[in-house]
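Asks: Data file final.txt (compact mmCIF, C-alpha atoms) is appended below.
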```txt
# COMPACT_ATOMS: atom_id res chain seq x y z
CA MET A 14 48.65 18.89 34.56
CA LEU A 15 47.14 17.67 31.29
CA ILE A 16 44.22 16.08 33.15
CA GLY A 17 43.55 19.36 34.95
CA ILE A 18 43.50 21.32 31.69
CA ARG A 19 41.12 18.79 30.18
CA LYS A 20 38.72 19.12 33.11
CA ILE A 21 38.80 22.91 32.92
CA THR A 22 38.14 22.77 29.16
CA VAL A 23 35.09 20.53 29.57
CA PHE A 24 33.70 22.58 32.46
CA SER A 25 34.23 25.83 30.53
CA LEU A 26 32.34 24.36 27.59
CA TYR A 27 29.44 23.49 29.90
CA VAL A 28 29.30 27.09 31.13
CA ALA A 29 29.42 28.43 27.56
CA ASN A 30 26.70 25.96 26.60
CA LEU A 31 24.38 27.09 29.40
CA LEU A 32 25.00 30.77 28.60
CA ALA A 33 24.25 30.10 24.93
CA LEU A 34 20.99 28.40 25.90
CA ILE A 35 19.99 31.45 27.95
CA CYS A 36 20.85 33.70 24.99
CA PHE A 37 18.71 31.50 22.72
CA TYR A 38 15.81 31.78 25.17
CA ASN A 39 16.09 35.58 24.91
CA ASN A 40 16.35 35.44 21.10
CA TYR A 41 19.93 36.72 20.98
CA ILE A 42 21.43 33.78 19.05
CA ASN A 43 20.35 31.09 16.60
CA PHE A 44 19.58 27.52 17.70
CA LYS A 45 22.46 26.29 15.53
CA VAL A 46 25.04 27.77 17.90
CA VAL A 47 23.50 25.96 20.86
CA THR A 48 23.25 22.73 18.85
CA ILE A 49 26.96 22.79 18.02
CA LEU A 50 27.94 23.59 21.62
CA THR A 51 25.70 20.84 23.03
CA THR A 52 27.14 18.34 20.55
CA LEU A 53 30.69 19.28 21.56
CA SER A 54 29.74 19.05 25.26
CA VAL A 55 28.35 15.55 24.80
CA LEU A 56 31.35 14.36 22.76
CA LEU A 57 33.84 15.56 25.38
CA THR A 58 31.70 14.07 28.15
CA LEU A 59 31.72 10.71 26.38
CA VAL A 60 35.52 10.82 26.14
CA GLU A 61 35.78 11.51 29.88
CA LEU A 62 33.30 8.74 30.73
CA TYR A 63 35.25 6.29 28.58
CA LYS A 64 38.50 7.16 30.35
CA LYS A 65 36.77 6.64 33.70
CA LYS A 66 35.29 3.29 32.55
CA MET A 67 31.77 4.58 33.20
CA GLY A 68 30.32 2.39 30.47
CA PHE A 69 26.72 2.35 31.67
CA VAL A 70 26.52 6.14 31.87
CA LEU A 71 28.27 6.43 28.50
CA ALA A 72 25.89 4.00 26.76
CA TYR A 73 22.81 5.78 28.14
CA LEU A 74 24.09 9.24 27.19
CA ILE A 75 24.86 8.16 23.62
CA TYR A 76 21.33 6.96 23.04
CA LEU A 77 19.72 9.84 24.94
CA PHE A 78 21.63 12.31 22.77
CA LEU A 79 21.00 10.63 19.42
CA THR A 80 17.29 10.02 19.99
CA ASN A 81 16.59 13.58 21.10
CA PHE A 82 19.11 15.58 19.09
CA GLY A 83 19.45 13.84 15.73
CA VAL A 84 16.89 16.10 14.04
CA TYR A 85 18.53 19.28 15.35
CA ILE A 86 22.00 18.21 14.18
CA THR A 87 20.57 17.62 10.71
CA ASN A 88 18.77 20.97 10.84
CA VAL A 89 22.13 22.72 11.25
CA PHE A 90 23.13 21.58 7.76
CA ILE A 91 19.85 21.39 5.84
CA GLU A 92 16.78 23.60 6.02
CA ASN A 93 14.18 20.84 6.21
CA PRO A 94 15.43 17.86 8.27
CA LEU A 95 12.09 16.03 7.91
CA ILE A 96 12.16 15.99 4.11
CA GLU A 97 11.85 12.18 4.04
CA TYR A 98 8.67 12.16 6.13
CA ARG A 99 5.03 12.77 5.28
CA GLY A 100 1.93 13.63 7.28
CA ASP A 101 1.55 16.11 10.15
CA LEU A 102 4.99 17.55 10.92
CA THR A 103 3.81 20.56 12.91
CA TRP A 104 5.03 18.90 16.12
CA TYR A 105 8.53 20.05 15.14
CA SER A 106 7.82 23.68 14.32
CA LYS A 107 4.82 24.57 16.51
CA ASN A 108 6.68 24.83 19.84
CA PHE A 109 10.20 24.73 18.42
CA ASP A 110 11.89 26.97 21.02
CA LEU A 111 10.38 25.31 24.09
CA VAL A 112 10.99 21.74 22.87
CA PHE A 113 14.57 22.65 21.94
CA ILE A 114 15.19 24.12 25.40
CA ILE A 115 13.69 21.07 27.16
CA VAL A 116 15.87 18.65 25.19
CA ASN A 117 19.01 20.67 25.86
CA ILE A 118 18.22 20.84 29.58
CA ALA A 119 17.77 17.05 29.67
CA ILE A 120 21.04 16.30 27.85
CA LEU A 121 23.10 18.90 29.72
CA THR A 122 21.73 17.82 33.11
CA PHE A 123 22.77 14.24 32.47
CA SER A 124 26.15 15.24 30.97
CA ILE A 125 27.17 17.75 33.64
CA LEU A 126 26.06 15.58 36.56
CA SER A 127 27.85 12.48 35.22
CA PHE A 128 31.03 14.51 34.61
CA LEU A 129 30.99 16.09 38.09
CA ILE A 130 30.29 12.87 39.98
CA THR A 131 32.88 10.80 38.13
CA HIS A 132 35.56 13.45 38.79
CA LEU A 133 34.63 14.51 42.33
CA PHE A 134 34.45 10.95 43.69
CA ASP A 135 37.14 8.31 43.44
CA PHE A 136 35.67 5.24 41.78
CA LYS A 137 38.23 2.43 41.85
CA PHE A 138 38.20 -0.18 39.10
CA ASN A 139 37.89 -3.75 40.37
CA LYS A 140 40.45 -5.78 38.42
CA ALA A 141 38.56 -8.98 39.18
CA ILE A 142 35.84 -8.02 36.67
CA ASP A 143 38.35 -7.25 33.89
CA ILE A 144 37.43 -8.58 30.44
CA LYS A 145 40.43 -10.93 30.62
CA ASN A 146 38.70 -12.87 33.39
CA SER A 147 35.68 -15.13 33.15
CA GLY A 148 32.77 -14.30 35.41
CA ASN A 149 29.94 -16.29 36.92
CA SER A 150 29.60 -19.38 34.72
CA THR A 151 25.94 -19.91 35.66
CA PHE A 152 24.94 -16.44 34.46
CA TYR A 153 27.07 -16.82 31.31
CA TYR A 154 25.60 -20.16 30.21
CA VAL A 155 22.05 -19.16 31.10
CA GLY A 156 22.60 -16.05 28.97
CA ILE A 157 23.70 -18.22 26.05
CA ILE A 158 20.68 -20.50 26.51
CA LEU A 159 18.28 -17.54 26.52
CA ILE A 160 19.81 -16.19 23.29
CA VAL A 161 19.61 -19.58 21.56
CA LEU A 162 16.06 -20.27 22.74
CA PHE A 163 14.82 -16.94 21.44
CA THR A 164 16.61 -17.49 18.11
CA PHE A 165 14.75 -20.78 17.65
CA GLN A 166 11.49 -19.18 18.82
CA PHE A 167 11.87 -16.31 16.37
CA LEU A 168 12.81 -18.65 13.52
CA TYR A 169 9.79 -20.85 14.28
CA TYR A 170 7.44 -17.85 14.16
CA ILE A 171 8.84 -16.82 10.77
CA LEU A 172 8.81 -20.31 9.19
CA SER A 173 5.33 -21.09 10.53
CA GLY A 174 3.98 -17.85 9.07
CA LYS A 175 2.99 -16.42 12.45
CA ILE A 176 5.36 -13.52 11.73
CA ASN A 177 4.86 -11.91 8.32
CA ILE A 178 8.11 -10.43 6.98
CA ASN A 179 6.90 -9.12 3.61
CA THR A 180 7.11 -5.51 4.88
CA TYR A 181 7.85 -3.89 8.21
CA GLN A 182 4.17 -2.99 8.68
CA ASP A 183 3.25 -6.66 8.21
CA TYR A 184 5.88 -7.62 10.75
CA VAL A 185 4.63 -5.12 13.36
CA SER A 186 1.02 -6.20 12.86
CA SER A 187 1.81 -9.89 13.16
CA ILE A 188 3.90 -9.73 16.36
CA GLN A 189 1.04 -7.97 18.13
CA GLU A 190 -0.99 -11.15 17.75
CA ILE A 191 1.72 -13.41 19.25
CA LYS A 192 1.31 -13.87 22.98
CA TYR A 193 4.87 -14.76 24.01
CA TYR A 194 6.87 -12.72 21.51
CA THR A 195 7.46 -9.76 23.88
CA LEU A 196 8.54 -12.10 26.66
CA GLY A 197 10.94 -13.81 24.26
CA VAL A 198 12.51 -10.49 23.25
CA SER A 199 12.93 -9.58 26.92
CA MET A 200 14.66 -12.88 27.64
CA PHE A 201 16.89 -12.30 24.61
CA SER A 202 17.88 -8.90 26.02
CA ILE A 203 18.58 -10.37 29.47
CA GLY A 204 20.58 -13.18 27.85
CA ILE A 205 22.85 -10.68 26.10
CA ALA A 206 23.32 -8.78 29.35
CA PHE A 207 24.21 -11.86 31.39
CA SER A 208 26.56 -13.35 28.81
CA PHE A 209 28.54 -10.16 28.04
CA ALA A 210 28.82 -9.35 31.76
CA ASN A 211 30.53 -12.70 32.41
CA CYS A 212 32.46 -13.64 29.28
CA ASN A 213 36.19 -13.18 28.73
CA LEU A 214 37.82 -12.22 25.43
CA LYS A 215 37.90 -15.82 24.18
CA LYS A 216 34.28 -16.53 25.09
CA MET A 217 33.19 -13.21 23.60
CA LYS A 218 34.17 -14.40 20.11
CA PHE A 219 31.97 -17.47 20.56
CA LEU A 220 29.19 -15.25 21.93
CA ILE A 221 29.26 -13.01 18.86
CA ILE A 222 28.96 -16.09 16.61
CA ILE A 223 25.93 -17.23 18.63
CA LEU A 224 24.33 -13.80 18.21
CA ILE A 225 24.75 -13.56 14.42
CA PRO A 226 21.65 -15.68 13.49
CA SER A 227 19.27 -13.69 15.71
CA ILE A 228 20.72 -10.38 14.53
CA LEU A 229 20.28 -11.42 10.90
CA LEU A 230 16.69 -12.44 11.59
CA PHE A 231 15.98 -9.03 13.10
CA LEU A 232 17.57 -7.28 10.14
CA VAL A 233 15.51 -9.34 7.70
CA THR A 234 12.35 -8.16 9.44
CA GLY A 235 13.58 -4.55 9.41
CA ASN A 236 13.78 -4.42 13.20
CA ARG A 237 16.74 -2.54 14.63
CA GLY A 238 15.55 -1.56 18.08
CA GLU A 239 15.38 -5.10 19.49
CA VAL A 240 19.07 -5.48 18.62
CA PHE A 241 20.20 -1.98 19.48
CA TYR A 242 18.96 -1.80 23.10
CA PRO A 243 20.72 -4.91 24.42
CA MET A 244 23.84 -4.46 22.27
CA LEU A 245 24.31 -0.92 23.55
CA SER A 246 24.09 -2.26 27.11
CA ALA A 247 26.67 -4.88 26.09
CA VAL A 248 29.01 -2.10 24.93
CA GLY A 249 28.45 -0.37 28.26
CA VAL A 250 29.41 -3.41 30.33
CA LEU A 251 32.46 -4.11 28.14
CA ILE A 252 33.74 -0.59 28.83
CA VAL A 253 33.13 -1.11 32.57
CA ARG A 254 35.20 -4.29 32.25
CA ASN A 255 38.13 -2.37 30.71
CA PHE A 256 37.58 -3.46 27.11
CA LYS A 257 39.56 -1.20 24.76
CA ILE A 258 37.68 -0.06 21.66
CA LYS A 259 39.83 -0.47 18.54
CA SER A 260 39.95 1.95 15.61
CA TRP A 261 38.34 -0.56 13.22
CA MET A 262 35.36 -0.74 15.57
CA TYR A 263 34.77 2.99 15.13
CA ILE A 264 34.87 2.49 11.35
CA LEU A 265 32.38 -0.37 11.61
CA LEU A 266 30.12 1.76 13.80
CA PHE A 267 30.28 4.63 11.31
CA PHE A 268 29.43 2.28 8.43
CA THR A 269 26.55 0.74 10.39
CA PHE A 270 25.04 4.04 11.49
CA PHE A 271 25.29 5.99 8.23
CA LEU A 272 24.75 3.18 5.70
CA LEU A 273 23.31 -0.02 7.16
CA ILE A 274 20.66 1.60 9.40
CA PRO A 275 19.32 3.89 6.61
CA LEU A 276 19.29 0.88 4.28
CA ILE A 277 17.19 -1.11 6.76
CA LYS A 278 14.85 1.85 7.19
CA LEU A 279 14.24 2.04 3.44
CA THR A 280 14.00 -1.67 2.69
CA ARG A 281 11.73 -2.52 5.62
CA ASN A 282 8.89 -0.61 3.94
CA LEU A 283 9.51 -1.96 0.44
CA SER A 284 8.60 -5.15 -1.30
CA THR A 285 11.35 -6.92 -3.25
CA ASP A 286 10.13 -5.26 -6.45
CA GLY A 287 10.82 -1.80 -5.09
CA ILE A 288 14.50 -2.21 -4.19
CA GLN A 289 15.53 -0.19 -7.26
CA ALA A 290 13.95 2.89 -5.69
CA LEU A 291 16.46 3.05 -2.83
CA ASN A 292 18.03 6.46 -2.20
CA ILE A 293 20.14 6.86 0.94
CA ASN A 294 20.82 10.35 2.35
CA TRP A 295 23.70 10.98 4.76
CA PHE A 296 21.32 12.33 7.40
CA SER A 297 18.76 9.50 7.20
CA SER A 298 19.94 7.70 10.32
CA LEU A 299 20.27 10.85 12.38
CA VAL A 300 16.71 11.91 11.62
CA GLU A 301 15.34 8.38 11.91
CA ILE A 302 16.79 7.84 15.38
CA GLY A 303 16.07 11.47 16.31
CA TYR A 304 12.40 11.01 15.45
CA THR A 305 11.95 10.09 19.12
CA LEU A 306 11.64 13.86 19.54
CA ARG A 307 8.13 13.61 18.10
CA PRO A 308 6.31 12.48 21.31
CA LEU A 309 7.88 15.39 23.20
CA GLY A 310 6.56 17.79 20.55
CA PHE A 311 3.03 16.46 21.03
CA THR A 312 3.35 16.42 24.83
CA VAL A 313 4.44 20.06 24.97
CA ASP A 314 1.45 20.92 22.78
CA TRP A 315 -0.91 19.14 25.21
CA ILE A 316 0.43 21.12 28.16
CA GLN A 317 0.46 24.38 26.22
CA ASN A 318 -3.22 23.84 25.40
CA GLY A 319 -4.16 23.63 29.06
CA GLU A 320 -3.79 19.95 29.96
CA LYS A 321 -2.76 19.53 33.60
CA LEU A 322 0.54 17.97 34.64
CA ALA A 323 0.32 14.41 35.95
CA TYR A 324 2.53 15.01 39.03
CA GLY A 325 3.99 11.50 39.06
CA GLU A 326 0.83 9.55 38.24
CA SER A 327 2.32 7.91 35.13
CA TYR A 328 5.18 6.53 37.27
CA PHE A 329 2.91 5.15 39.98
CA ALA A 330 0.30 3.70 37.59
CA PRO A 331 2.23 0.51 36.64
CA LEU A 332 2.85 -0.24 40.33
CA GLN A 333 -0.83 0.31 41.10
CA ARG A 334 -1.79 -2.04 38.28
CA MET A 335 0.49 -4.75 39.67
CA PHE A 336 -0.88 -4.36 43.21
CA ALA A 337 -4.42 -4.50 41.82
CA ASN A 338 -3.71 -8.12 40.84
CA ILE A 339 -2.90 -8.93 44.47
CA ILE A 340 -5.08 -6.69 46.63
CA PRO A 341 -8.79 -7.58 46.48
CA GLY A 342 -11.08 -4.71 45.57
CA MET A 343 -8.34 -2.51 44.13
CA GLU A 344 -9.38 -1.36 40.66
CA LYS A 345 -6.83 -1.33 37.86
CA ILE A 346 -6.04 1.96 36.15
CA ASP A 347 -7.31 1.87 32.58
CA TYR A 348 -4.69 3.50 30.35
CA MET A 349 -7.31 4.22 27.71
CA MET A 350 -9.15 6.49 30.14
CA VAL A 351 -6.23 8.59 31.43
CA GLY A 352 -3.98 11.22 29.90
CA TYR A 353 -0.84 9.16 30.47
CA GLY A 354 -2.09 6.29 28.33
CA PHE A 355 0.57 7.36 25.86
CA ARG A 356 0.47 4.30 23.60
CA TYR A 357 -3.22 4.95 22.94
CA ARG A 358 -2.85 8.70 22.45
CA LEU A 359 0.18 8.31 20.19
CA PRO A 360 -0.24 4.91 18.53
CA GLY A 361 2.88 3.59 16.84
CA MET A 362 5.17 6.29 18.26
CA GLY A 363 6.42 4.67 21.45
CA TYR A 364 7.10 7.54 23.82
CA SER A 365 10.04 9.34 25.41
CA VAL A 366 11.72 9.46 28.83
CA VAL A 367 12.15 13.23 28.40
CA ALA A 368 8.51 13.71 27.37
CA GLU A 369 7.23 11.70 30.34
CA GLY A 370 9.31 13.73 32.79
CA TYR A 371 7.88 16.92 31.28
CA TYR A 372 4.31 15.55 31.29
CA ASN A 373 4.54 14.92 35.04
CA TRP A 374 6.35 17.98 36.44
CA GLY A 375 7.29 20.24 33.54
CA ILE A 376 10.95 21.21 33.07
CA ILE A 377 11.63 20.44 36.76
CA GLY A 378 10.44 16.91 36.06
CA VAL A 379 12.90 16.54 33.18
CA ILE A 380 15.76 17.58 35.47
CA ILE A 381 14.62 15.22 38.25
CA VAL A 382 14.32 12.24 35.91
CA MET A 383 17.76 12.86 34.37
CA ILE A 384 19.35 13.15 37.82
CA VAL A 385 17.75 9.92 39.03
CA VAL A 386 18.69 7.94 35.90
CA CYS A 387 22.25 9.29 35.96
CA LEU A 388 22.72 8.28 39.61
CA VAL A 389 21.27 4.82 38.92
CA CYS A 390 23.60 4.28 35.95
CA ILE A 391 26.63 5.37 38.00
CA LYS A 392 25.62 3.05 40.84
CA LEU A 393 25.13 0.12 38.47
CA SER A 394 28.55 0.77 36.91
CA ASN A 395 30.38 0.53 40.22
CA VAL A 396 30.00 -3.02 41.45
CA ASN A 397 32.52 -5.47 42.85
CA SER A 398 31.08 -8.74 41.62
CA PHE A 399 30.01 -10.41 38.39
CA THR A 400 26.57 -11.00 39.88
CA GLY A 401 26.07 -7.28 40.43
CA LEU A 402 27.45 -6.57 36.97
CA SER A 403 25.02 -9.06 35.41
CA PHE A 404 22.05 -7.50 37.18
CA GLY A 405 23.20 -3.97 36.34
CA THR A 406 23.66 -4.71 32.64
CA ALA A 407 20.19 -6.21 32.37
CA VAL A 408 18.65 -3.17 34.10
CA LEU A 409 20.65 -0.84 31.84
CA SER A 410 19.08 -2.49 28.80
CA ILE A 411 15.65 -1.68 30.24
CA LEU A 412 16.63 1.93 30.94
CA ILE A 413 17.96 2.39 27.40
CA ASN A 414 14.73 0.93 26.04
CA ASN A 415 12.81 3.41 28.20
CA ILE A 416 14.46 6.33 26.36
CA ARG A 417 12.09 5.63 23.45
CA ASN A 418 9.15 4.29 25.45
CA SER A 419 7.00 5.14 28.44
CA PHE A 420 7.84 4.05 31.99
CA SER A 421 4.86 1.68 32.20
CA PHE A 422 6.83 -1.47 31.24
CA VAL A 423 9.91 -0.77 33.40
CA PRO A 424 8.83 -2.02 36.89
CA GLN A 425 7.59 -5.42 35.73
CA TYR A 426 10.77 -6.17 33.78
CA ILE A 427 13.00 -5.09 36.65
CA ILE A 428 11.05 -7.48 38.89
CA ILE A 429 11.66 -10.26 36.35
CA ILE A 430 15.39 -9.46 36.37
CA VAL A 431 15.49 -9.44 40.20
CA ILE A 432 13.74 -12.83 40.44
CA LEU A 433 15.93 -14.38 37.73
CA THR A 434 19.09 -13.01 39.35
CA ILE A 435 18.15 -14.42 42.77
CA CYS A 436 17.37 -17.83 41.26
CA LEU A 437 20.70 -17.96 39.40
CA VAL A 438 22.62 -16.92 42.52
CA LEU A 439 21.01 -19.82 44.40
CA VAL A 440 21.74 -22.24 41.56
CA HIS A 441 25.36 -21.10 41.37
CA SER A 442 25.79 -21.48 45.14
CA PHE A 443 24.30 -24.96 44.95
CA ARG A 444 26.68 -25.91 42.12
CA ARG A 445 29.68 -24.69 44.08
CA LYS A 446 28.54 -26.61 47.15
CA LEU A 447 28.20 -29.82 45.14
CA LYS A 448 31.62 -29.25 43.59
CA LYS A 449 33.25 -28.85 47.03
CA GLU A 450 31.53 -31.98 48.34
CA ASN A 451 32.72 -34.01 45.36
```
Now that the file is in, can you turn its structure into structure tokens?
Replies:
Amino acid sequence: MLIGIRKITVFSLYVANLLALICFYNNYINFKVVTILTTLSVLLTLVELYKKKMGFVLAYLIYLFLTNFGVYITNVFIENPLIEYRGDLTWYSKNFDLVFIIVNIAILTFSILSFLITHLFDFKFNKAIDIKNSGNSTFYYVGIILIVLFTFQFLYYILSGKININTYQDYVSSIQEIKYYTLGVSMFSIGIAFSFANCNLKKMKFLIIILIPSILLFLVTGNRGEVFYPMLSAVGVLIVRNFKIKSWMYILLFFTFFLLIPLIKLTRNLSTDGIQALNINWFSSLVEIGYTLRPLGFTVDWIQNGEKLAYGESYFAPLQRMFANIIPGMEKIDYMMVGYGFRYRLPGMGYSVVAEGYYNWGIIGVIIVMIVVCLVCIKLSNVNSFTGLSFGTAVLSILINNIRNSFSFVPQYIIIIVILTICLVLVHSFRRKLKKEN
């Protein structure tokens, strides 16, 4: 009976949320009402996903919500949420209503679809993948090796002076000149995915100890994203594996989000002499992570000024570029010459999964992309083997990364994960065969 009431409550909130969005579109209510309702909808959805052990969907929704709604939540309480930022801020106000509606549609599409699917279909938890059990040892130890190798690689770059850590700008500039840094970060992310997907509670403690040096190195350089993407995927797979989140973990998360992250943001742009100038606001992390809204603001402005929709071209371009390396005579697409060369049009901003969906098919594109990603996350969450869980966690890390970037890097990294997974499956089978023979 209680479960039925809870479902009705969540569904009723969705309906109220959609009606409020329609009223906002017709200028009947203030955006603050919609913001509060959307926040409540997401919070209740996260609770339901946690109860259903849908960790992958939960992890993606958390990041999707924070990166696209942090500024609006702040704007409910203070008049100018971008008070800490300088430069051209018209992207937030110029098309405020349309951008706000697009973001709400994206978040509500993902939330409502995930809620409906997880309650309409019976997804049974496989007790074999419970966190109490150890998984595929080959994937686990390879994950540990990848983490350790990247830690040594990163430390070498810092000690040799190839990575400059004086300020965050120095750090960003220096890593662009290092050929294998991006590959190392990708292997680090895959290592975290493989190891958390296959560890048990005892091994997880050891795994956390192994991760501390690399996390500290990232924090020293002011880099949070390279830690946040894979660790959020790790949280997702732990929930899938029936890991129970303790109350002290919520406190630690609160402390990290509202104190540690703003502190990193401030110190990464300061020299050691400027530490005395630190001033942390309660909303700093919300706005900082919500600044991913910026590319969507610019994208909407492009379309409003007459630029044509891409109709899927930005999603096919990376595949075309890969095939151009194989098929003779096929010319590579030059991102500098096309509208979807987002990293050249918006240097230093990354991009946005919501913005790219809108750039290709408008609001319909946003809905399509959210539906596809939601279905993929649900599928990845429901596996019956540690091998499938390892693959799914690694892919989830890529999808979470894509929330703040364009799609262009996704296919090649999924191919890397597929190849690595196949190789490790073969190695594990060979090890088992040798063990039986002995």
Asks: May I have the residues within 12 Å of A:Thr51 as JSON, numbers by chain, using all atoms listed in the file and disregarding those fewer than 6 positions away in the same chain?
Replies: {"A": [23, 26, 27, 28, 29, 30, 31, 32, 33, 34, 44, 45, 57, 58, 78, 79, 81, 82, 83, 85, 86, 113, 114, 116, 117, 118, 119, 120, 121, 122, 123, 124, 125]}
Asks: Please determine, counting all atoms listed in the file, which residue among A:Arg445, A:Arg334, A:Lys215, A:Arg358 has the shortest atom-to-atom distance to A:Thr151.
Replies: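 Looking at the shortest contact to A:Thr151, the residue is A:Arg445.
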Asks: Just checking: using only C-alpha atoms, which residue out of A:Leu332, A:Gly148, A:Val396, A:Pro341 ends up closest to A:Ile427?
Replies: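 Going through A:Leu332, A:Gly148, A:Val396, A:Pro341 one by one, the smallest distance to A:Ile427 is for A:Leu332.
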Asks: For each of A:Ser25, A:Ile160, A:Thr234, A:Ile35, take the minimum atom-to-atom distance to A:Asn177, counting all atoms listed in the file, then give the residue where this is smallest.
Replies: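 Checking each candidate against A:Asn177, we get A:Thr234 as the closest.
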Asks: Do you have the atom CA of A:Ser442-atom CA of A:Ser398 distance handy?
Replies: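 Computing it gives 14.2 Å between the two atoms.
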Asks: Do you have the atom CA of A:Lys175-atom CA of A:Tyr193 distance handy?
Replies: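 Atom-to-atom, atom CA of A:Lys175 and atom CA of A:Tyr193 are spaced 11.8 Å apart.
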Asks: Taking 4 positions as the minimum chain separation for residues in the same chain, which residues sit within 6 Å of stretch 133-144 of chain A when counting only C-alpha atoms? Answer as number ranges by chain.
Replies: A: 129, 213, 254-255
Asks: Which is closer to A:Val366 than all the others in A:Val248, A:Val379, A:Val70, A:Leu224, using all atoms listed in the file?
Replies: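 Distance minimum relative to A:Val366 lands on A:Val379.
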Asks: Choose the residue, out of A:Leu251, A:Ile432, A:Leu172, A:Met362, that has the smallest atom-to-atom separation from A:Lys66; count only C-alpha atoms.
Replies: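 With only C-alpha atoms as the atom set, the closest residue is A:Leu251.
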Asks: Could you tell me which of A:Leu159, A:Leu245, A:Leu266, A:Val313 comes closest to A:Leu111 if we count all atoms listed in the file?
Replies: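 Looking only at the distances to A:Leu111, the closest residue turns out to be A:Val313.
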Asks: Atom CA of A:Glu326 to atom CA of A:Gly370: how many Å, to one decimal?
Replies: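 These atoms are spaced 10.9 Å apart.
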Asks: List the residues sitting within 12 Å of (14.5, -7.2, 40.6) in the file's frame, using only C-alpha atoms, as a PDB file with C-alpha atoms, keeping the file's coordinate frame.
Replies:
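This went into selection_19.pdb:
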```
ATOM      1  CA  GLY A 401      26.070  -7.280  40.430  1.00  0.00           C
ATOM      2  CA  SER A 403      25.020  -9.060  35.410  1.00  0.00           C
ATOM      3  CA  PHE A 404      22.050  -7.500  37.180  1.00  0.00           C
ATOM      4  CA  GLY A 405      23.200  -3.970  36.340  1.00  0.00           C
ATOM      5  CA  ALA A 407      20.190  -6.210  32.370  1.00  0.00           C
ATOM      6  CA  VAL A 408      18.650  -3.170  34.100  1.00  0.00           C
ATOM      7  CA  ILE A 411      15.650  -1.680  30.240  1.00  0.00           C
ATOM      8  CA  VAL A 423       9.910  -0.770  33.400  1.00  0.00           C
ATOM      9  CA  PRO A 424       8.830  -2.020  36.890  1.00  0.00           C
ATOM     10  CA  GLN A 425       7.590  -5.420  35.730  1.00  0.00           C
ATOM     11  CA  TYR A 426      10.770  -6.170  33.780  1.00  0.00           C
ATOM     12  CA  ILE A 427      13.000  -5.090  36.650  1.00  0.00           C
ATOM     13  CA  ILE A 428      11.050  -7.480  38.890  1.00  0.00           C
ATOM     14  CA  ILE A 429      11.660 -10.260  36.350  1.00  0.00           C
ATOM     15  CA  ILE A 430      15.390  -9.460  36.370  1.00  0.00           C
ATOM     16  CA  VAL A 431      15.490  -9.440  40.200  1.00  0.00           C
ATOM     17  CA  ILE A 432      13.740 -12.830  40.440  1.00  0.00           C
ATOM     18  CA  LEU A 433      15.930 -14.380  37.730  1.00  0.00           C
ATOM     19  CA  THR A 434      19.090 -13.010  39.350  1.00  0.00           C
ATOM     20  CA  ILE A 435      18.150 -14.420  42.770  1.00  0.00           C
ATOM     21  CA  CYS A 436      17.370 -17.830  41.260  1.00  0.00           C
TER      22      CYS A 436
END
```
Asks: For A:Val84, work out the shell of residues within 7 Å, counting all atoms listed in the file and skipping chain neighbours fewer than 6 positions away, then give it as JSON, numbers by chain.
Replies: {"A": [94, 299, 300, 303, 304]}
Asks: With a distance cut-off of 9 Å and all atoms listed in the file, select the neighbouring residues of A:Ala72, excluding the residue or stretch itself and same-chain residues fewer than 5 positions from it, and output the selection as a list in words.
Replies: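 Neighbouring residues, sequence-local ones excluded: Leu59, Met67, Leu77, Leu245, Ser246, Ala247, Val248, Gly249, Val250, Leu409 and Ile413 of chain A.
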